[in-house]
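**Q** Here it is, the structure, as C-alpha cells.
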Amino acid sequence: MKVTVCIGSSCHLKGSRQVVEGLQSLIAAHNLKDKIDLGGKFCMGNCQNGVSVTVDDQLFSVSPETVESFFQNEIITRL
C-alpha cells in the first residue's frame, strides 16, 4: 500500500510534519513497515483543505488531531 503525505508549504503550516510522524509511529506500532510505503510529495493541489494524504491514489484531508482515526479507518481496513 502506498501512502503519500503532502509536505508543501500550505500543508506544512497545517501540520504535515505531525501527520507524517503520527503515521510513522502507527505503522511501527502495528508492525506494518513491510506492507506500507510511506512517502512525501510537494503540493498535491488540494491546499484549501487539511493536510493532503493519498492512500493508493485516493485523496484525503487529515490533521494532526485526526491522524489516528484516519489510520484506523482508511489504512488498517484496507490491509
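A note on labels: chains of the C-alpha cells are A, B, ... as shown, every chain counts residues from 1, and ligands are counted from 1 in their shown order.
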Within 6 Å of region 26-38 of chain A, counting only C-alpha atoms, which residues show up once you throw out same-chain ones fewer than 6 positions away? Write them as a list in words, please.
**A** Met1, Lys2, Val3 and Thr4 of chain A
**Q** List every residue of region 8-62 of chain A that DSSP, applied to the backbone of this structure, assigns to strand (DSSP E), and report them as a ChimeraX atom specification.
**A** /A:37-41,51-55,58-62
**Q** Within 7 Å of Gly40 (chain A), counting only C-alpha atoms, which residues qualify if same-chain residues fewer than 3 places away don't, as a list in words?
**A**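 What passes the distance filter is Thr4, Val5, Cys6 and Ile7 of chain A.
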**Q** Could you save the residues just selected, with all heavy atoms, as a compact mmCIF listing (two decimals), in the first residue's frame?
**A**
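Generated output (part-v8.txt):
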# COMPACT_ATOMS: atom_id res chain seq x y z
N THR A 4 0.96 8.60 0.74
CA THR A 4 1.76 9.78 0.45
C THR A 4 1.18 10.98 1.17
O THR A 4 -0.03 11.22 1.10
CB THR A 4 1.80 10.05 -1.07
OG1 THR A 4 2.24 8.87 -1.74
CG2 THR A 4 2.74 11.20 -1.40
N VAL A 5 2.03 11.73 1.85
CA VAL A 5 1.62 12.92 2.59
C VAL A 5 2.19 14.15 1.91
O VAL A 5 3.38 14.19 1.58
CB VAL A 5 2.13 12.85 4.05
CG1 VAL A 5 1.70 14.09 4.83
CG2 VAL A 5 1.64 11.59 4.75
N CYS A 6 1.35 15.15 1.70
CA CYS A 6 1.81 16.41 1.12
C CYS A 6 2.69 17.13 2.14
O CYS A 6 2.32 17.27 3.31
CB CYS A 6 0.63 17.30 0.74
SG CYS A 6 1.16 18.87 0.03
N ILE A 7 3.85 17.57 1.70
CA ILE A 7 4.75 18.32 2.58
C ILE A 7 5.04 19.71 2.00
O ILE A 7 6.03 20.34 2.33
CB ILE A 7 6.06 17.53 2.85
CG1 ILE A 7 6.74 17.15 1.54
CG2 ILE A 7 5.78 16.31 3.70
CD1 ILE A 7 8.11 16.52 1.70
**Q** Work out how far CA of Ile76 (chain A) is from CA of Ser9 (chain A), in Å to one decimal.
**A**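 Interatomic distance, CA of Ser9 (chain A) to CA of Ile76 (chain A): 28.2 Å.
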**Q** For region 20-22 of chain A, please output as a list in words all residues within 8 Å (counting only C-alpha atoms; exclusion window: fewer than 6 positions along the same chain).
**A**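 Everything that qualifies: Val5, Pro64, Val67 and Glu68 of chain A.
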**Q** For the residues in that selection, give me N, CA and C atoms as a PDB file, in the first residue's frame.
**A**
ATOM      1  N   VAL A   5       2.032  11.732   1.850  1.00  0.00           N
ATOM      2  CA  VAL A   5       1.622  12.918   2.594  1.00  0.00           C
ATOM      3  C   VAL A   5       2.188  14.149   1.910  1.00  0.00           C
ATOM      4  N   PRO A  64      -3.338  16.709  12.315  1.00  0.00           N
ATOM      5  CA  PRO A  64      -2.640  16.000  13.391  1.00  0.00           C
ATOM      6  C   PRO A  64      -3.617  15.381  14.401  1.00  0.00           C
ATOM      7  N   VAL A  67      -5.208  11.985  12.708  1.00  0.00           N
ATOM      8  CA  VAL A  67      -4.330  11.001  12.065  1.00  0.00           C
ATOM      9  C   VAL A  67      -4.591   9.580  12.576  1.00  0.00           C
ATOM     10  N   GLU A  68      -4.869   9.439  13.862  1.00  0.00           N
ATOM     11  CA  GLU A  68      -5.081   8.086  14.399  1.00  0.00           C
ATOM     12  C   GLU A  68      -6.381   7.477  13.870  1.00  0.00           C
TER      13      GLU A  68
END
**Q** As an mmCIF file with N, CA and C atoms, in the first residue's frame, please: all residues of chain A that backbone DSSP puts in alpha helix (DSSP H).
**A**
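And here's selection_6.cif as it stands now:
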data_model
loop_
_atom_site.group_PDB
_atom_site.id
_atom_site.type_symbol
_atom_site.label_atom_id
_atom_site.label_comp_id
_atom_site.auth_asym_id
_atom_site.auth_seq_id
_atom_site.Cartn_x
_atom_site.Cartn_y
_atom_site.Cartn_z
ATOM 1 N N SER A 9 4.237 23.821 1.384
ATOM 2 C CA SER A 9 4.191 24.870 2.405
ATOM 3 C C SER A 9 2.826 25.004 3.070
ATOM 4 N N SER A 10 1.738 24.938 2.316
ATOM 5 C CA SER A 10 0.405 25.075 2.906
ATOM 6 C C SER A 10 0.113 23.914 3.861
ATOM 7 N N CYS A 11 0.405 22.699 3.432
ATOM 8 C CA CYS A 11 0.172 21.541 4.298
ATOM 9 C C CYS A 11 1.138 21.527 5.475
ATOM 10 N N HIS A 12 2.345 22.026 5.261
ATOM 11 C CA HIS A 12 3.302 22.116 6.368
ATOM 12 C C HIS A 12 2.737 23.000 7.477
ATOM 13 N N LEU A 13 2.145 24.113 7.091
ATOM 14 C CA LEU A 13 1.554 25.024 8.073
ATOM 15 C C LEU A 13 0.356 24.399 8.780
ATOM 16 N N SER A 16 1.599 18.962 8.505
ATOM 17 C CA SER A 16 2.018 17.748 7.788
ATOM 18 C C SER A 16 3.144 17.007 8.507
ATOM 19 N N ARG A 17 4.025 17.730 9.178
ATOM 20 C CA ARG A 17 5.110 17.053 9.900
ATOM 21 C C ARG A 17 4.539 16.151 10.995
ATOM 22 N N GLN A 18 3.566 16.660 11.740
ATOM 23 C CA GLN A 18 2.940 15.862 12.795
ATOM 24 C C GLN A 18 2.165 14.682 12.210
ATOM 25 N N VAL A 19 1.539 14.880 11.048
ATOM 26 C CA VAL A 19 0.826 13.782 10.389
ATOM 27 C C VAL A 19 1.816 12.695 9.984
ATOM 28 N N VAL A 20 2.938 13.077 9.387
ATOM 29 C CA VAL A 20 3.965 12.098 8.996
ATOM 30 C C VAL A 20 4.476 11.351 10.223
ATOM 31 N N GLU A 21 4.802 12.093 11.276
ATOM 32 C CA GLU A 21 5.319 11.455 12.488
ATOM 33 C C GLU A 21 4.281 10.528 13.113
ATOM 34 N N GLY A 22 3.015 10.935 13.085
ATOM 35 C CA GLY A 22 1.946 10.092 13.605
ATOM 36 C C GLY A 22 1.804 8.806 12.806
ATOM 37 N N LEU A 23 1.838 8.931 11.491
ATOM 38 C CA LEU A 23 1.735 7.738 10.640
ATOM 39 C C LEU A 23 2.939 6.826 10.824
ATOM 40 N N GLN A 24 4.133 7.406 10.915
ATOM 41 C CA GLN A 24 5.331 6.590 11.148
ATOM 42 C C GLN A 24 5.198 5.796 12.444
ATOM 43 N N SER A 25 4.733 6.450 13.479
ATOM 44 C CA SER A 25 4.575 5.812 14.781
ATOM 45 C C SER A 25 3.527 4.701 14.734
ATOM 46 N N LEU A 26 2.397 4.965 14.086
ATOM 47 C CA LEU A 26 1.331 3.963 13.987
ATOM 48 C C LEU A 26 1.752 2.770 13.128
ATOM 49 N N ILE A 27 2.455 3.033 12.047
ATOM 50 C CA ILE A 27 2.952 1.951 11.193
ATOM 51 C C ILE A 27 3.909 1.066 11.977
ATOM 52 N N ALA A 28 4.806 1.675 12.739
ATOM 53 C CA ALA A 28 5.753 0.907 13.549
ATOM 54 C C ALA A 28 5.033 0.132 14.648
ATOM 55 N N ALA A 29 4.073 0.770 15.317
ATOM 56 C CA ALA A 29 3.353 0.133 16.420
ATOM 57 C C ALA A 29 2.555 -1.083 15.959
ATOM 58 N N VAL A 67 -5.208 11.985 12.708
ATOM 59 C CA VAL A 67 -4.330 11.001 12.065
ATOM 60 C C VAL A 67 -4.591 9.580 12.576
ATOM 61 N N GLU A 68 -4.869 9.439 13.862
ATOM 62 C CA GLU A 68 -5.081 8.086 14.399
ATOM 63 C C GLU A 68 -6.381 7.477 13.870
ATOM 64 N N SER A 69 -7.466 8.227 13.855
ATOM 65 C CA SER A 69 -8.720 7.691 13.316
ATOM 66 C C SER A 69 -8.598 7.449 11.812
ATOM 67 N N PHE A 70 -7.884 8.322 11.110
ATOM 68 C CA PHE A 70 -7.638 8.120 9.684
ATOM 69 C C PHE A 70 -6.901 6.803 9.463
#
**Q** Would you work out the distance separating CA of Lys14 (chain A) from CA of Val62 (chain A), expressed in Å to one decimal?
**A**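 CA of Lys14 (chain A) sits 9.3 Å away from CA of Val62 (chain A).
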**Q** From the options A:Gly50, A:Phe42, A:Gly8, A:Ile75, which residue's atoms come nearest to Ser63 (chain A), counting only C-alpha atoms?
**A**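 Of all the options, A:Gly50 lies closest to Ser63 (chain A).
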**Q** What does the distance from CA of Gln72 (chain A) to CA of Cys47 (chain A) come to in Å, to one decimal?
**A**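 These atoms are spaced 24.0 Å apart.
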